[in-house]
$ cat final16.tsv   # TSV, N, CA and C atoms
chain	number	residue	atom	x	y	z
A	1	GLN	N	100.25	95.92	118.33
A	1	GLN	CA	99.57	96.91	117.49
A	1	GLN	C	100.31	97.07	116.18
A	2	VAL	N	99.57	97.08	115.09
A	2	VAL	CA	100.17	97.18	113.77
A	2	VAL	C	100.34	98.65	113.39
A	3	GLN	N	101.48	98.94	112.81
A	3	GLN	CA	101.75	100.28	112.28
A	3	GLN	C	102.30	100.20	110.87
A	4	LEU	N	101.91	101.15	110.05
A	4	LEU	CA	102.49	101.33	108.72
A	4	LEU	C	103.18	102.69	108.73
A	5	VAL	N	104.46	102.70	108.35
A	5	VAL	CA	105.22	103.94	108.36
A	5	VAL	C	105.84	104.17	106.99
A	6	GLU	N	105.46	105.29	106.37
A	6	GLU	CA	105.98	105.64	105.06
A	6	GLU	C	107.22	106.53	105.20
A	7	SER	N	108.07	106.48	104.18
A	7	SER	CA	109.23	107.36	104.11
A	7	SER	C	109.61	107.55	102.65
A	8	GLY	N	110.44	108.56	102.40
A	8	GLY	CA	110.99	108.76	101.06
A	8	GLY	C	110.39	109.90	100.28
A	9	GLY	N	109.37	110.55	100.83
A	9	GLY	CA	108.78	111.67	100.12
A	9	GLY	C	109.72	112.87	100.11
A	10	GLY	N	109.33	113.88	99.34
A	10	GLY	CA	110.14	115.08	99.28
A	10	GLY	C	109.80	115.93	98.08
A	11	LEU	N	110.69	116.87	97.79
A	11	LEU	CA	110.53	117.79	96.67
A	11	LEU	C	111.45	117.37	95.54
A	12	VAL	N	110.89	117.27	94.34
A	12	VAL	CA	111.68	116.86	93.18
A	12	VAL	C	111.20	117.64	91.96
A	13	GLN	N	112.11	117.86	91.02
A	13	GLN	CA	111.73	118.55	89.79
A	13	GLN	C	111.02	117.60	88.83
A	14	ALA	N	110.22	118.18	87.99
A	14	ALA	CA	109.53	117.38	86.97
A	14	ALA	C	110.55	116.59	86.16
A	15	GLY	N	110.22	115.34	85.91
A	15	GLY	CA	111.13	114.45	85.20
A	15	GLY	C	112.02	113.64	86.11
A	16	GLY	N	112.03	113.99	87.38
A	16	GLY	CA	112.87	113.30	88.34
A	16	GLY	C	112.25	112.03	88.88
A	17	SER	N	112.94	111.45	89.87
A	17	SER	CA	112.52	110.17	90.44
A	17	SER	C	112.55	110.23	91.96
A	18	LEU	N	111.72	109.41	92.56
A	18	LEU	CA	111.72	109.20	94.01
A	18	LEU	C	111.38	107.75	94.28
A	19	ARG	N	111.82	107.27	95.44
A	19	ARG	CA	111.42	105.95	95.89
A	19	ARG	C	110.78	106.07	97.26
A	20	LEU	N	109.54	105.64	97.36
A	20	LEU	CA	108.85	105.61	98.65
A	20	LEU	C	108.96	104.22	99.26
A	21	SER	N	109.01	104.19	100.58
A	21	SER	CA	109.03	102.92	101.31
A	21	SER	C	107.93	102.93	102.36
A	22	CYS	N	107.41	101.76	102.66
A	22	CYS	CA	106.42	101.62	103.72
A	22	CYS	C	106.72	100.31	104.45
A	23	VAL	N	106.94	100.43	105.75
A	23	VAL	CA	107.22	99.27	106.57
A	23	VAL	C	106.02	98.98	107.47
A	24	ALA	N	105.57	97.75	107.43
A	24	ALA	CA	104.51	97.29	108.33
A	24	ALA	C	105.16	96.59	109.51
A	25	SER	N	104.80	97.02	110.72
A	25	SER	CA	105.40	96.43	111.91
A	25	SER	C	104.32	96.09	112.92
A	26	GLY	N	104.69	95.27	113.88
A	26	GLY	CA	103.75	94.83	114.89
A	26	GLY	C	103.49	93.34	114.76
A	27	ARG	N	102.40	92.91	115.38
A	27	ARG	CA	102.06	91.50	115.37
A	27	ARG	C	101.31	91.17	114.08
A	28	ILE	N	102.05	90.75	113.09
A	28	ILE	CA	101.51	90.47	111.76
A	28	ILE	C	101.69	89.00	111.45
A	29	SER	N	100.58	88.35	111.16
A	29	SER	CA	100.65	86.93	110.82
A	29	SER	C	100.80	86.71	109.32
A	30	SER	N	100.11	87.56	108.55
A	30	SER	CA	100.14	87.39	107.10
A	30	SER	C	99.71	88.69	106.44
A	31	ILE	N	100.29	88.96	105.28
A	31	ILE	CA	99.91	90.12	104.49
A	31	ILE	C	99.31	89.65	103.17
A	32	ASN	N	98.15	90.17	102.86
A	32	ASN	CA	97.47	89.81	101.62
A	32	ASN	C	97.84	90.78	100.50
A	33	VAL	N	97.69	92.07	100.78
A	33	VAL	CA	97.93	93.09	99.76
A	33	VAL	C	98.58	94.30	100.43
A	34	MET	N	99.50	94.93	99.72
A	34	MET	CA	100.00	96.24	100.13
A	34	MET	C	99.81	97.20	98.97
A	35	SER	N	99.40	98.40	99.31
A	35	SER	CA	99.01	99.36	98.27
A	35	SER	C	99.53	100.75	98.59
A	36	TRP	N	99.60	101.55	97.54
A	36	TRP	CA	99.86	102.98	97.67
A	36	TRP	C	98.66	103.74	97.11
A	37	TYR	N	98.21	104.70	97.88
A	37	TYR	CA	97.17	105.63	97.46
A	37	TYR	C	97.76	107.04	97.53
A	38	ARG	N	97.10	107.97	96.88
A	38	ARG	CA	97.52	109.36	97.00
A	38	ARG	C	96.30	110.27	97.03
A	39	GLN	N	96.51	111.42	97.65
A	39	GLN	CA	95.44	112.40	97.71
A	39	GLN	C	96.03	113.79	97.53
A	40	ALA	N	95.59	114.44	96.47
A	40	ALA	CA	96.00	115.81	96.20
A	40	ALA	C	94.98	116.77	96.83
A	41	PRO	N	95.37	117.99	97.09
A	41	PRO	CA	94.44	118.95	97.69
A	41	PRO	C	93.16	119.10	96.87
A	42	GLY	N	92.03	118.98	97.53
A	42	GLY	CA	90.75	119.14	96.87
A	42	GLY	C	90.29	117.95	96.04
A	43	LYS	N	91.05	116.87	96.10
A	43	LYS	CA	90.70	115.69	95.30
A	43	LYS	C	90.49	114.48	96.20
A	44	GLN	N	89.82	113.49	95.65
A	44	GLN	CA	89.60	112.26	96.39
A	44	GLN	C	90.87	111.41	96.41
A	45	ARG	N	90.98	110.57	97.44
A	45	ARG	CA	92.10	109.64	97.49
A	45	ARG	C	91.94	108.63	96.37
A	46	GLU	N	93.04	108.35	95.68
A	46	GLU	CA	92.99	107.41	94.56
A	46	GLU	C	94.07	106.35	94.68
A	47	LEU	N	93.78	105.20	94.11
A	47	LEU	CA	94.75	104.12	94.09
A	47	LEU	C	95.87	104.44	93.12
A	48	VAL	N	97.10	104.28	93.58
A	48	VAL	CA	98.26	104.45	92.72
A	48	VAL	C	98.74	103.08	92.23
A	49	ALA	N	98.95	102.17	93.17
A	49	ALA	CA	99.43	100.84	92.80
A	49	ALA	C	99.21	99.90	93.97
A	50	ARG	N	99.10	98.61	93.66
A	50	ARG	CA	98.99	97.61	94.71
A	50	ARG	C	99.68	96.34	94.27
A	51	ILE	N	100.08	95.56	95.27
A	51	ILE	CA	100.78	94.32	95.01
A	51	ILE	C	100.31	93.29	96.02
A	52	THR	N	100.06	92.07	95.53
A	52	THR	CA	99.63	91.00	96.41
A	52	THR	C	100.83	90.23	96.93
A	53	SER	N	100.57	89.35	97.86
A	53	SER	CA	101.65	88.54	98.42
A	53	SER	C	102.26	87.61	97.37
A	54	SER	N	101.52	87.34	96.30
A	54	SER	CA	102.03	86.52	95.21
A	54	SER	C	102.62	87.36	94.08
A	55	ALA	N	102.80	88.66	94.36
A	55	ALA	CA	103.47	89.59	93.45
A	55	ALA	C	102.63	90.01	92.24
A	56	THR	N	101.35	89.81	92.30
A	56	THR	CA	100.48	90.37	91.27
A	56	THR	C	100.34	91.87	91.50
A	57	THR	N	100.49	92.65	90.44
A	57	THR	CA	100.46	94.10	90.58
A	57	THR	C	99.31	94.71	89.77
A	58	ASP	N	98.96	95.91	90.19
A	58	ASP	CA	97.90	96.67	89.53
A	58	ASP	C	98.24	98.15	89.70
A	59	TYR	N	98.00	98.94	88.65
A	59	TYR	CA	98.37	100.35	88.68
A	59	TYR	C	97.21	101.24	88.24
A	60	GLY	N	97.19	102.45	88.80
A	60	GLY	CA	96.27	103.45	88.30
A	60	GLY	C	96.69	103.87	86.89
A	61	ASP	N	95.73	104.26	86.08
A	61	ASP	CA	96.01	104.59	84.68
A	61	ASP	C	97.02	105.72	84.56
A	62	SER	N	96.98	106.67	85.47
A	62	SER	CA	97.83	107.85	85.34
A	62	SER	C	99.30	107.58	85.64
A	63	VAL	N	99.61	106.43	86.21
A	63	VAL	CA	101.01	106.15	86.57
A	63	VAL	C	101.59	104.95	85.83
A	64	LYS	N	100.77	104.28	85.04
A	64	LYS	CA	101.26	103.11	84.31
A	64	LYS	C	102.45	103.48	83.43
A	65	GLY	N	103.48	102.66	83.50
A	65	GLY	CA	104.67	102.90	82.71
A	65	GLY	C	105.68	103.83	83.36
A	66	ARG	N	105.28	104.49	84.45
A	66	ARG	CA	106.20	105.41	85.13
A	66	ARG	C	106.52	104.94	86.56
A	67	PHE	N	105.57	104.33	87.22
A	67	PHE	CA	105.75	103.88	88.60
A	67	PHE	C	105.84	102.35	88.64
A	68	THR	N	106.60	101.86	89.60
A	68	THR	CA	106.72	100.41	89.81
A	68	THR	C	106.60	100.12	91.30
A	69	ILE	N	105.74	99.17	91.62
A	69	ILE	CA	105.57	98.75	93.01
A	69	ILE	C	106.27	97.42	93.21
A	70	SER	N	106.90	97.27	94.36
A	70	SER	CA	107.56	96.01	94.69
A	70	SER	C	107.43	95.77	96.19
A	71	MET	N	107.64	94.54	96.59
A	71	MET	CA	107.48	94.20	98.00
A	71	MET	C	108.56	93.24	98.44
A	72	ASP	N	109.09	93.47	99.62
A	72	ASP	CA	110.02	92.56	100.28
A	72	ASP	C	109.22	91.85	101.37
A	73	ASN	N	108.81	90.62	101.08
A	73	ASN	CA	107.94	89.91	102.02
A	73	ASN	C	108.64	89.67	103.36
A	74	ALA	N	109.92	89.42	103.32
A	74	ALA	CA	110.66	89.12	104.55
A	74	ALA	C	110.72	90.33	105.48
A	75	LYS	N	110.67	91.51	104.90
A	75	LYS	CA	110.76	92.74	105.69
A	75	LYS	C	109.41	93.43	105.86
A	76	ASN	N	108.35	92.83	105.33
A	76	ASN	CA	107.02	93.48	105.37
A	76	ASN	C	107.09	94.91	104.88
A	77	THR	N	107.79	95.08	103.78
A	77	THR	CA	108.03	96.42	103.24
A	77	THR	C	107.60	96.48	101.79
A	78	VAL	N	106.92	97.57	101.45
A	78	VAL	CA	106.53	97.81	100.07
A	78	VAL	C	107.21	99.09	99.59
A	79	TYR	N	107.60	99.07	98.34
A	79	TYR	CA	108.29	100.21	97.73
A	79	TYR	C	107.48	100.74	96.55
A	80	LEU	N	107.62	102.02	96.31
A	80	LEU	CA	107.04	102.61	95.11
A	80	LEU	C	108.14	103.41	94.42
A	81	HIS	N	108.57	102.90	93.28
A	81	HIS	CA	109.59	103.58	92.49
A	81	HIS	C	108.86	104.48	91.50
A	82	MET	N	109.12	105.76	91.60
A	82	MET	CA	108.41	106.73	90.78
A	82	MET	C	109.40	107.43	89.84
A	83	ASN	N	109.18	107.26	88.56
A	83	ASN	CA	110.04	107.88	87.55
A	83	ASN	C	109.21	108.86	86.71
A	84	SER	N	109.93	109.70	85.98
A	84	SER	CA	109.29	110.68	85.08
A	84	SER	C	108.17	111.42	85.80
A	85	LEU	N	108.47	111.91	86.97
A	85	LEU	CA	107.45	112.57	87.79
A	85	LEU	C	106.95	113.84	87.13
A	86	LYS	N	105.66	114.10	87.35
A	86	LYS	CA	104.99	115.26	86.79
A	86	LYS	C	104.41	116.11	87.92
A	87	PRO	N	104.19	117.37	87.68
A	87	PRO	CA	103.58	118.21	88.74
A	87	PRO	C	102.25	117.64	89.23
A	88	GLU	N	101.51	116.99	88.35
A	88	GLU	CA	100.22	116.42	88.77
A	88	GLU	C	100.37	115.19	89.66
A	89	ASP	N	101.59	114.73	89.86
A	89	ASP	CA	101.83	113.65	90.82
A	89	ASP	C	101.94	114.18	92.25
A	90	THR	N	101.95	115.50	92.40
A	90	THR	CA	102.04	116.10	93.73
A	90	THR	C	100.84	115.70	94.57
A	91	ALA	N	101.12	115.13	95.74
A	91	ALA	CA	100.06	114.64	96.62
A	91	ALA	C	100.69	114.09	97.90
A	92	VAL	N	99.83	113.77	98.85
A	92	VAL	CA	100.26	112.97	99.99
A	92	VAL	C	100.05	111.51	99.61
A	93	TYR	N	101.09	110.73	99.74
A	93	TYR	CA	101.05	109.32	99.38
A	93	TYR	C	100.88	108.48	100.66
A	94	TYR	N	99.87	107.62	100.64
A	94	TYR	CA	99.53	106.80	101.79
A	94	TYR	C	99.76	105.32	101.47
A	95	CYS	N	100.28	104.63	102.46
A	95	CYS	CA	100.44	103.19	102.37
A	95	CYS	C	99.21	102.52	103.00
A	96	ASN	N	98.78	101.46	102.39
A	96	ASN	CA	97.64	100.68	102.90
A	96	ASN	C	97.99	99.20	102.82
A	97	SER	N	97.55	98.45	103.82
A	97	SER	CA	97.78	97.01	103.79
A	97	SER	C	96.57	96.26	104.31
A	98	ASN	N	96.24	95.22	103.61
A	98	ASN	CA	95.24	94.26	104.10
A	98	ASN	C	96.02	93.09	104.69
A	99	LEU	N	95.95	92.98	106.00
A	99	LEU	CA	96.79	91.98	106.65
A	99	LEU	C	96.08	91.35	107.84
A	100	LEU	N	96.67	90.26	108.31
A	100	LEU	CA	96.14	89.51	109.42
A	100	LEU	C	96.96	89.78	110.67
A	101	SER	N	96.31	90.40	111.65
A	101	SER	CA	96.89	90.50	112.97
A	101	SER	C	95.98	89.66	113.88
A	102	ASP	N	95.11	90.29	114.64
A	102	ASP	CA	94.09	89.51	115.36
A	102	ASP	C	93.00	89.05	114.40
A	103	ILE	N	92.69	89.95	113.46
A	103	ILE	CA	91.71	89.68	112.40
A	103	ILE	C	92.25	90.25	111.10
A	104	TRP	N	91.63	89.89	110.00
A	104	TRP	CA	91.97	90.50	108.72
A	104	TRP	C	91.33	91.89	108.68
A	105	ARG	N	92.15	92.89	108.38
A	105	ARG	CA	91.59	94.23	108.22
A	105	ARG	C	92.59	95.09	107.47
A	106	ASN	N	92.12	96.28	107.06
A	106	ASN	CA	92.98	97.24	106.37
A	106	ASN	C	93.60	98.21	107.37
A	107	TYR	N	94.87	98.52	107.13
A	107	TYR	CA	95.57	99.50	107.94
A	107	TYR	C	96.11	100.59	107.01
A	108	TRP	N	96.20	101.81	107.56
A	108	TRP	CA	96.71	102.95	106.80
A	108	TRP	C	97.91	103.56	107.53
A	109	GLY	N	98.85	104.04	106.72
A	109	GLY	CA	99.92	104.87	107.27
A	109	GLY	C	99.46	106.31	107.34
A	110	ARG	N	100.34	107.17	107.88
A	110	ARG	CA	99.99	108.59	108.02
A	110	ARG	C	100.28	109.41	106.78
A	111	GLY	N	101.03	108.85	105.86
A	111	GLY	CA	101.28	109.55	104.61
A	111	GLY	C	102.62	110.23	104.54
A	112	THR	N	103.10	110.43	103.32
A	112	THR	CA	104.32	111.17	103.07
A	112	THR	C	104.09	112.10	101.88
A	113	GLN	N	104.54	113.33	102.00
A	113	GLN	CA	104.29	114.33	100.97
A	113	GLN	C	105.27	114.19	99.82
A	114	VAL	N	104.74	114.19	98.62
A	114	VAL	CA	105.54	114.25	97.40
A	114	VAL	C	105.15	115.52	96.65
A	115	THR	N	106.13	116.35	96.38
A	115	THR	CA	105.89	117.59	95.64
A	115	THR	C	106.78	117.62	94.41
A	116	VAL	N	106.16	117.78	93.25
A	116	VAL	CA	106.90	117.83	92.00
A	116	VAL	C	106.78	119.24	91.43
A	117	SER	N	107.92	119.90	91.29
A	117	SER	CA	107.93	121.27	90.77
A	117	SER	C	108.12	121.27	89.26
A	118	SER	N	107.52	122.26	88.62
A	118	SER	CA	107.60	122.34	87.16
A	118	SER	C	108.82	123.14	86.71

$ encode --input "final16.tsv" --output "structure tokens"
Amino acid sequence: QVQLVESGGGLVQAGGSLRLSCVASGRISSINVMSWYRQAPGKQRELVARITSSATTDYGDSVKGRFTISMDNAKNTVYLHMNSLKPEDTAVYYCNSNLLSDIWRNYWGRGTQVTVSS
């Protein structure tokens, strides 16, 4: 059974930094894409950043220039380096992966809370 487990969330002041990690474990044959999404209270879940197995990256407009996504293929781990955090970055951050176990499908983690105080 495949699991995605996020870590690294917490409370930080505006202007600060955090690094989120997400480890994919279980019977994994191949990973196509790993992504970070976030959902703030009363808002829809939105894409923050994603990275392919060939290291192609894509970012949401609101985080470009402040966040960086990276992946350790050997460890099936994706990181989200978040700098210059703003109160509007406050949300639950979810890890998502499109990967091959028995079949190709998307998996979600349970999320980690990031709170940015002003």

$ residues_around --input "final16.tsv" --residues "stretch 41-58 of chain A" --least-positions-apart "2" --cutoff "8 Å" --atoms "all atoms listed in the file" --output "list in words"
Ile31, Asn32, Val33, Met34, Ser35, Trp36, Tyr37, Arg38, Gln39, Gly60, Asp61, Ser62, Val63, Lys64, Phe67, Thr68, Ile69, Ser70, Met71, Asn73, Thr90, Ala91 and Val92 of chain A

$ residues_around --input "final16.tsv" --residues "stretch 104-117 of chain A" --least-positions-apart "4" --cutoff "6 Å" --atoms "all atoms listed in the file" --output "PyMOL selection string"
chain A and resi 4-6+9-14+86-87+89-100

$ select_by_dssp --input "final16.tsv" --residues "chain A" --states "helix (DSSP H, G or I)" --output "VMD selection string"
chain A and resid 73 to 75 87 to 89

$ write_last_selection --input "final16.tsv" --atoms "N, CA and C atoms" --output "mmCIF file, in the coordinates of the input"
data_model
loop_
_atom_site.group_PDB
_atom_site.id
_atom_site.type_symbol
_atom_site.label_atom_id
_atom_site.label_comp_id
_atom_site.auth_asym_id
_atom_site.auth_seq_id
_atom_site.Cartn_x
_atom_site.Cartn_y
_atom_site.Cartn_z
ATOM 1 N N ASN A 73 108.810 90.620 101.080
ATOM 2 C CA ASN A 73 107.940 89.910 102.020
ATOM 3 C C ASN A 73 108.640 89.670 103.360
ATOM 4 N N ALA A 74 109.920 89.420 103.320
ATOM 5 C CA ALA A 74 110.660 89.120 104.550
ATOM 6 C C ALA A 74 110.720 90.330 105.480
ATOM 7 N N LYS A 75 110.670 91.510 104.900
ATOM 8 C CA LYS A 75 110.760 92.740 105.690
ATOM 9 C C LYS A 75 109.410 93.430 105.860
ATOM 10 N N PRO A 87 104.190 117.370 87.680
ATOM 11 C CA PRO A 87 103.580 118.210 88.740
ATOM 12 C C PRO A 87 102.250 117.640 89.230
ATOM 13 N N GLU A 88 101.510 116.990 88.350
ATOM 14 C CA GLU A 88 100.220 116.420 88.770
ATOM 15 C C GLU A 88 100.370 115.190 89.660
ATOM 16 N N ASP A 89 101.590 114.730 89.860
ATOM 17 C CA ASP A 89 101.830 113.650 90.820
ATOM 18 C C ASP A 89 101.940 114.180 92.250
#

$ residues_near_point --input "final16.tsv" --point "(106.2, 104.1, 95.5)" --cutoff "6.5 Å" --atoms "all atoms listed in the file" --output "PyMOL selection string"
chain A and resi 18-21+68-69+79-82

$ select_by_dssp --input "final16.tsv" --residues "chain A" --states "strand (DSSP E)" --output "number ranges by chain"
A: 3-7, 10-13, 18-25, 30-39, 46-52, 57-59, 67-72, 77-82, 91-100, 104-108, 112-117

$ closest_residue --input "final16.tsv" --among "A:Ser30, A:Gln3, A:Arg66, A:Tyr59" --to "A:Leu85" --atoms "only N, CA and C atoms"
A:Arg66

$ atom_distance --input "final16.tsv" --atom1 "atom CA of A:Gln1" --atom2 "atom CA of A:Arg27"
6.3 Å

$ closest_residue --input "final16.tsv" --among "A:Glu88, A:Ala74, A:Asn83, A:Val2" --to "A:Ser17" --atoms "only N, CA and C atoms"
A:Asn83

$ decode --input "final16.tsv" --residues "stretch 15-27 of chain A" --atoms "N, CA, C and O atoms" --output "PDB file, in the first residue's frame"
ATOM      1  N   GLY A  15       7.748  36.711   6.536  1.00  0.00           N
ATOM      2  CA  GLY A  15       9.127  36.922   6.112  1.00  0.00           C
ATOM      3  C   GLY A  15      10.033  35.745   6.393  1.00  0.00           C
ATOM      4  O   GLY A  15      11.174  35.704   5.902  1.00  0.00           O
ATOM      5  N   GLY A  16       9.540  34.801   7.165  1.00  0.00           N
ATOM      6  CA  GLY A  16      10.338  33.639   7.529  1.00  0.00           C
ATOM      7  C   GLY A  16      10.315  32.548   6.475  1.00  0.00           C
ATOM      8  O   GLY A  16       9.757  32.714   5.380  1.00  0.00           O
ATOM      9  N   SER A  17      10.924  31.416   6.839  1.00  0.00           N
ATOM     10  CA  SER A  17      11.065  30.296   5.907  1.00  0.00           C
ATOM     11  C   SER A  17      10.675  28.989   6.585  1.00  0.00           C
ATOM     12  O   SER A  17      10.771  28.855   7.814  1.00  0.00           O
ATOM     13  N   LEU A  18      10.242  28.056   5.765  1.00  0.00           N
ATOM     14  CA  LEU A  18       9.974  26.686   6.203  1.00  0.00           C
ATOM     15  C   LEU A  18      10.339  25.754   5.066  1.00  0.00           C
ATOM     16  O   LEU A  18      10.313  26.145   3.886  1.00  0.00           O
ATOM     17  N   ARG A  19      10.647  24.514   5.435  1.00  0.00           N
ATOM     18  CA  ARG A  19      10.854  23.481   4.437  1.00  0.00           C
ATOM     19  C   ARG A  19       9.920  22.319   4.728  1.00  0.00           C
ATOM     20  O   ARG A  19       9.975  21.721   5.810  1.00  0.00           O
ATOM     21  N   LEU A  20       9.077  22.004   3.760  1.00  0.00           N
ATOM     22  CA  LEU A  20       8.190  20.853   3.873  1.00  0.00           C
ATOM     23  C   LEU A  20       8.817  19.650   3.167  1.00  0.00           C
ATOM     24  O   LEU A  20       9.523  19.815   2.160  1.00  0.00           O
ATOM     25  N   SER A  21       8.534  18.477   3.708  1.00  0.00           N
ATOM     26  CA  SER A  21       8.997  17.232   3.095  1.00  0.00           C
ATOM     27  C   SER A  21       7.813  16.292   2.917  1.00  0.00           C
ATOM     28  O   SER A  21       6.870  16.325   3.710  1.00  0.00           O
ATOM     29  N   CYS A  22       7.886  15.470   1.898  1.00  0.00           N
ATOM     30  CA  CYS A  22       6.865  14.448   1.673  1.00  0.00           C
ATOM     31  C   CYS A  22       7.572  13.189   1.183  1.00  0.00           C
ATOM     32  O   CYS A  22       8.269  13.228   0.165  1.00  0.00           O
ATOM     33  N   VAL A  23       7.363  12.106   1.921  1.00  0.00           N
ATOM     34  CA  VAL A  23       7.965  10.835   1.566  1.00  0.00           C
ATOM     35  C   VAL A  23       6.883   9.895   1.049  1.00  0.00           C
ATOM     36  O   VAL A  23       5.850   9.703   1.715  1.00  0.00           O
ATOM     37  N   ALA A  24       7.135   9.332  -0.106  1.00  0.00           N
ATOM     38  CA  ALA A  24       6.248   8.306  -0.670  1.00  0.00           C
ATOM     39  C   ALA A  24       6.835   6.943  -0.338  1.00  0.00           C
ATOM     40  O   ALA A  24       8.005   6.681  -0.633  1.00  0.00           O
ATOM     41  N   SER A  25       6.015   6.084   0.262  1.00  0.00           N
ATOM     42  CA  SER A  25       6.506   4.764   0.652  1.00  0.00           C
ATOM     43  C   SER A  25       5.518   3.694   0.209  1.00  0.00           C
ATOM     44  O   SER A  25       4.358   3.981  -0.099  1.00  0.00           O
ATOM     45  N   GLY A  26       5.992   2.466   0.207  1.00  0.00           N
ATOM     46  CA  GLY A  26       5.162   1.353  -0.225  1.00  0.00           C
ATOM     47  C   GLY A  26       5.725   0.751  -1.497  1.00  0.00           C
ATOM     48  O   GLY A  26       6.861   0.994  -1.884  1.00  0.00           O
ATOM     49  N   ARG A  27       4.873  -0.013  -2.172  1.00  0.00           N
ATOM     50  CA  ARG A  27       5.299  -0.687  -3.390  1.00  0.00           C
ATOM     51  C   ARG A  27       5.164   0.280  -4.567  1.00  0.00           C
ATOM     52  O   ARG A  27       4.101   0.422  -5.152  1.00  0.00           O
TER      53      ARG A  27
END
